[in-house]
Every structure is written in C-alpha cells, then in structure tokens.
>>> print(open('model.cif').read())   # mmCIF, C-alpha atoms
data_structure
#
loop_
_atom_site.group_PDB
_atom_site.id
_atom_site.type_symbol
_atom_site.label_atom_id
_atom_site.label_comp_id
_atom_site.auth_asym_id
_atom_site.auth_seq_id
_atom_site.Cartn_x
_atom_site.Cartn_y
_atom_site.Cartn_z
ATOM 1 C CA ALA F 1 45.790 97.992 10.234
ATOM 2 C CA ALA F 2 47.540 101.084 8.980
ATOM 3 C CA ASP F 3 46.488 104.503 10.209
ATOM 4 C CA THR F 4 44.828 106.011 7.152
ATOM 5 C CA THR F 5 42.979 108.742 9.043
ATOM 6 C CA GLY F 6 45.986 110.988 9.576
ATOM 7 C CA ASP F 7 45.101 111.177 13.258
ATOM 8 C CA LEU F 8 48.470 111.576 14.981
ATOM 9 C CA ASP F 9 46.874 111.045 18.397
ATOM 10 C CA ARG F 10 45.463 107.627 17.494
ATOM 11 C CA ASP F 11 46.740 104.859 19.782
ATOM 12 C CA LEU F 12 48.247 102.097 17.646
ATOM 13 C CA SER F 13 49.700 100.128 20.572
ATOM 14 C CA ASP F 14 47.109 97.376 20.100
ATOM 15 C CA GLN F 15 48.229 96.716 16.526
ATOM 16 C CA LYS F 16 49.985 93.382 16.055
ATOM 17 C CA ALA F 17 52.866 92.896 13.643
ATOM 18 C CA ALA F 18 52.237 89.260 12.677
ATOM 19 C CA LEU F 19 50.296 88.894 9.407
ATOM 20 C CA ILE F 20 49.564 85.955 7.096
ATOM 21 C CA ALA F 21 48.310 85.500 3.530
ATOM 22 C CA ASP F 22 47.637 82.522 1.325
ATOM 23 C CA VAL F 23 49.511 83.070 -1.930
ATOM 24 C CA ALA F 24 48.845 79.901 -3.928
ATOM 25 C CA THR F 25 46.483 76.946 -4.006
ATOM 26 C CA GLY F 26 47.089 73.640 -5.727
ATOM 27 C CA PRO F 27 46.564 69.906 -5.552
ATOM 28 C CA SER F 28 48.107 68.017 -2.654
ATOM 29 C CA PRO F 29 50.214 64.901 -3.367
ATOM 30 C CA THR F 30 47.844 63.011 -1.050
ATOM 31 C CA GLY F 31 44.663 64.386 -2.630
ATOM 32 C CA GLY F 32 42.611 67.479 -1.970
ATOM 33 C CA LEU F 33 43.824 71.046 -2.177
ATOM 34 C CA VAL F 34 46.647 72.701 -0.279
ATOM 35 C CA ALA F 35 47.261 76.428 0.224
ATOM 36 C CA LEU F 36 50.707 77.977 0.576
ATOM 37 C CA GLU F 37 50.724 80.431 3.465
ATOM 38 C CA GLU F 38 53.333 83.198 3.711
ATOM 39 C CA ALA F 39 53.605 85.079 6.961
ATOM 40 C CA ILE F 40 55.614 87.529 8.977
ATOM 41 C CA GLY F 41 56.053 87.078 12.686
ATOM 42 C CA GLN F 42 57.286 89.429 15.346
ATOM 43 C CA PRO F 43 60.151 91.824 14.616
ATOM 44 C CA THR F 44 63.556 90.403 15.450
ATOM 45 C CA TRP F 45 67.019 91.937 15.758
ATOM 46 C CA ILE F 46 69.396 92.226 12.822
ATOM 47 C CA TYR F 47 73.106 92.929 13.156
ATOM 48 C CA VAL F 48 74.959 94.072 10.046
ATOM 49 C CA VAL F 49 78.703 94.619 9.715
ATOM 50 C CA LEU F 50 79.190 97.850 7.781
ATOM 51 C CA PRO F 51 81.746 97.574 4.975
ATOM 52 C CA ASP F 52 83.651 100.803 5.614
ATOM 53 C CA GLN F 53 86.605 101.297 7.940
ATOM 54 C CA PRO F 54 86.724 101.359 10.877
ATOM 55 C CA TRP F 55 84.507 98.291 11.190
ATOM 56 C CA ARG F 56 81.138 99.038 12.739
ATOM 57 C CA ILE F 57 77.978 97.088 13.437
ATOM 58 C CA ALA F 58 74.534 98.483 12.686
ATOM 59 C CA VAL F 59 71.587 97.180 14.688
ATOM 60 C CA GLY F 60 67.954 97.304 13.656
ATOM 61 C CA ALA F 61 64.782 95.276 13.370
ATOM 62 C CA VAL F 62 63.419 93.013 10.633
ATOM 63 C CA TYR F 63 60.378 90.791 10.444
ATOM 64 C CA SER F 64 60.729 87.038 10.791
ATOM 65 C CA TYR F 65 59.455 85.170 7.706
ATOM 66 C CA TYR F 66 57.570 81.907 7.380
ATOM 67 C CA GLU F 67 56.034 79.875 4.572
ATOM 68 C CA PHE F 68 54.199 76.588 4.938
ATOM 69 C CA PRO F 69 51.369 74.576 3.368
ATOM 70 C CA VAL F 70 47.985 74.063 5.000
ATOM 71 C CA PRO F 71 44.870 72.269 3.768
ATOM 72 C CA ALA F 72 43.012 74.776 1.585
ATOM 73 C CA ALA F 73 39.954 74.473 3.824
ATOM 74 C CA ASN F 74 42.069 75.548 6.827
ATOM 75 C CA ARG F 75 43.557 78.822 5.603
ATOM 76 C CA MET F 76 44.605 80.916 8.581
ATOM 77 C CA THR F 77 43.335 84.373 9.473
ATOM 78 C CA ASP F 78 45.632 87.067 10.847
ATOM 79 C CA GLU F 79 44.074 86.536 14.271
ATOM 80 C CA GLU F 80 44.726 82.766 14.203
ATOM 81 C CA TRP F 81 48.320 83.361 13.097
ATOM 82 C CA GLN F 82 48.866 85.994 15.799
ATOM 83 C CA ALA F 83 47.533 83.603 18.457
ATOM 84 C CA GLN F 84 49.864 80.849 17.207
ATOM 85 C CA ILE F 85 52.891 83.177 17.272
ATOM 86 C CA GLU F 86 51.991 84.517 20.726
ATOM 87 C CA ALA F 87 51.723 80.915 21.986
ATOM 88 C CA GLY F 88 55.288 80.287 20.787
ATOM 89 C CA ALA F 89 54.147 77.704 18.233
ATOM 90 C CA ASN F 90 56.209 79.158 15.397
ATOM 91 C CA PRO F 91 56.754 76.847 12.431
ATOM 92 C CA PRO F 92 60.353 76.409 11.266
ATOM 93 C CA HIS F 93 61.774 79.065 8.972
ATOM 94 C CA PRO F 94 62.171 78.006 5.327
ATOM 95 C CA ASP F 95 65.426 76.105 4.698
ATOM 96 C CA TRP F 96 66.737 78.764 2.304
ATOM 97 C CA THR F 97 66.768 81.375 5.083
ATOM 98 C CA SER F 98 69.600 79.482 6.814
ATOM 99 C CA LEU F 99 71.896 81.168 4.270
ATOM 100 C CA PHE F 100 71.534 84.453 6.148
ATOM 101 C CA ILE F 101 69.945 83.696 9.540
ATOM 102 C CA ALA F 102 72.185 82.556 12.383
ATOM 103 C CA PRO F 103 70.655 80.239 15.002
#
>>> encode(input="model.cif", output="structure tokens")
Amino acid sequence: AADTTGDLDRDLSDQKAALIADVATGPSPTGGLVALEEAIGQPTWIYVVLPDQPWRIAVGAVYSYYEFPVPAANRMTDEEWQAQIEAGANPPHPDWTSLFIAP
C-alpha cells in the first residue's frame, strides 16, 4: 500500500509490486460467470532508443502486464496473485503486447 502517513522513515521494503483487479464480469461461453482479471507483475527492464543524434539508449523499469479470465467465483486477491508470480507461474502476456515486447 502507498505511504499516506508522510513518514519518511517508514520501511516500505516489504511492499510487493504485483497487484490484480477484476475489471469486468460476464457470462462464460460454457455457462456460469467469468471475471476478467488485469494485473501487473514485477518490474522489468525497458530499453528505449532515443531519437536524437548521436544514438543513445535509455534504460528504466516498467511493470509487466497481464489479463486473463477466471471463473467469477475464483477472483484472485493481491496476495494470491503475488504468490503465483513469486512461484514463477506467470500467465502468458496478452497477444497484443507482442507488438512492443521482445522475447
């Protein structure tokens, strides 16, 4: 959670980056309800070629992004998502992210 106390000495090292939210619920093609989960995982590196001359590369961090359906009765909590990410059981990234993410 964010530090809303203004306490600059507060230790935030136990805060985890991975978060998840269900953003839509609808009928499943096989019956029942399905929830669309959107999530961010751990920060990952980004390399960007800067457009000015001489050519340079900027390096920084961005969050990994995921979206996937789950049965509406099995919506995930942040803690469940964090445990899944920490176990290395990441779902595949959405297909459309292949336009800008290199393997």
>>> residues_around(input="model.cif", residues="range 15-19 of chain F", least_positions_apart="5", cutoff="8 Å", atoms="all atoms listed in the file", output="MDAnalysis selection string")
chainID F and resid 1 39:43 78 81:82 85
>>> resolve_selection(input="model.cif", expression="the PyMOL selection byres ((chain F and resi 73) around 10)", output="ChimeraX atom specification")
/F:32-35,70-72,74-76
>>> closest_residue(input="model.cif", among="F:Pro94, F:Glu38, F:Val23, F:Trp45", to="Gly60 in chain F", atoms="all atoms listed in the file")
F:Trp45
>>> closest_residue(input="model.cif", among="F:Gln53, F:Gln84, F:Thr44, F:Thr97", to="Glu67 in chain F", atoms="only C-alpha atoms")
F:Thr97
>>> atom_distance(input="model.cif", atom1="CA of Tyr65 in chain F", atom2="CA of Tyr47 in chain F")
16.6 Å
>>> atom_distance(input="model.cif", atom1="CA of Pro29 in chain F", atom2="CA of Phe68 in chain F")
14.9 Å
>>> closest_residue(input="model.cif", among="F:Ile46, F:Asp9, F:Tyr66, F:Ala61", to="Trp96 in chain F", atoms="all atoms listed in the file")
F:Tyr66
>>> axis_aligned_box(input="model.cif", around="range 22-27 of chain F", padding_each_side="5 Å", output="lines of an AutoDock Vina configuration file")
center_x = 48.0
center_y = 76.5
center_z = -2.2
size_x = 13.0
size_y = 23.2
size_z = 17.1
>>> closest_residue(input="model.cif", among="F:Glu37, F:Leu50, F:Ser28, F:Ile20", to="Ala83 in chain F", atoms="all atoms listed in the file")
F:Ile20
>>> atom_distance(input="model.cif", atom1="CA of Ser98 in chain F", atom2="CA of Ile57 in chain F")
20.6 Å
>>> closest_residue(input="model.cif", among="F:Leu36, F:Leu8, F:Val49, F:Leu99", to="Ala24 in chain F", atoms="all atoms listed in the file")
F:Leu36
>>> closest_residue(input="model.cif", among="F:Val48, F:Thr77, F:Pro103, F:Ser64", to="Pro91 in chain F", atoms="all atoms listed in the file")
F:Ser64
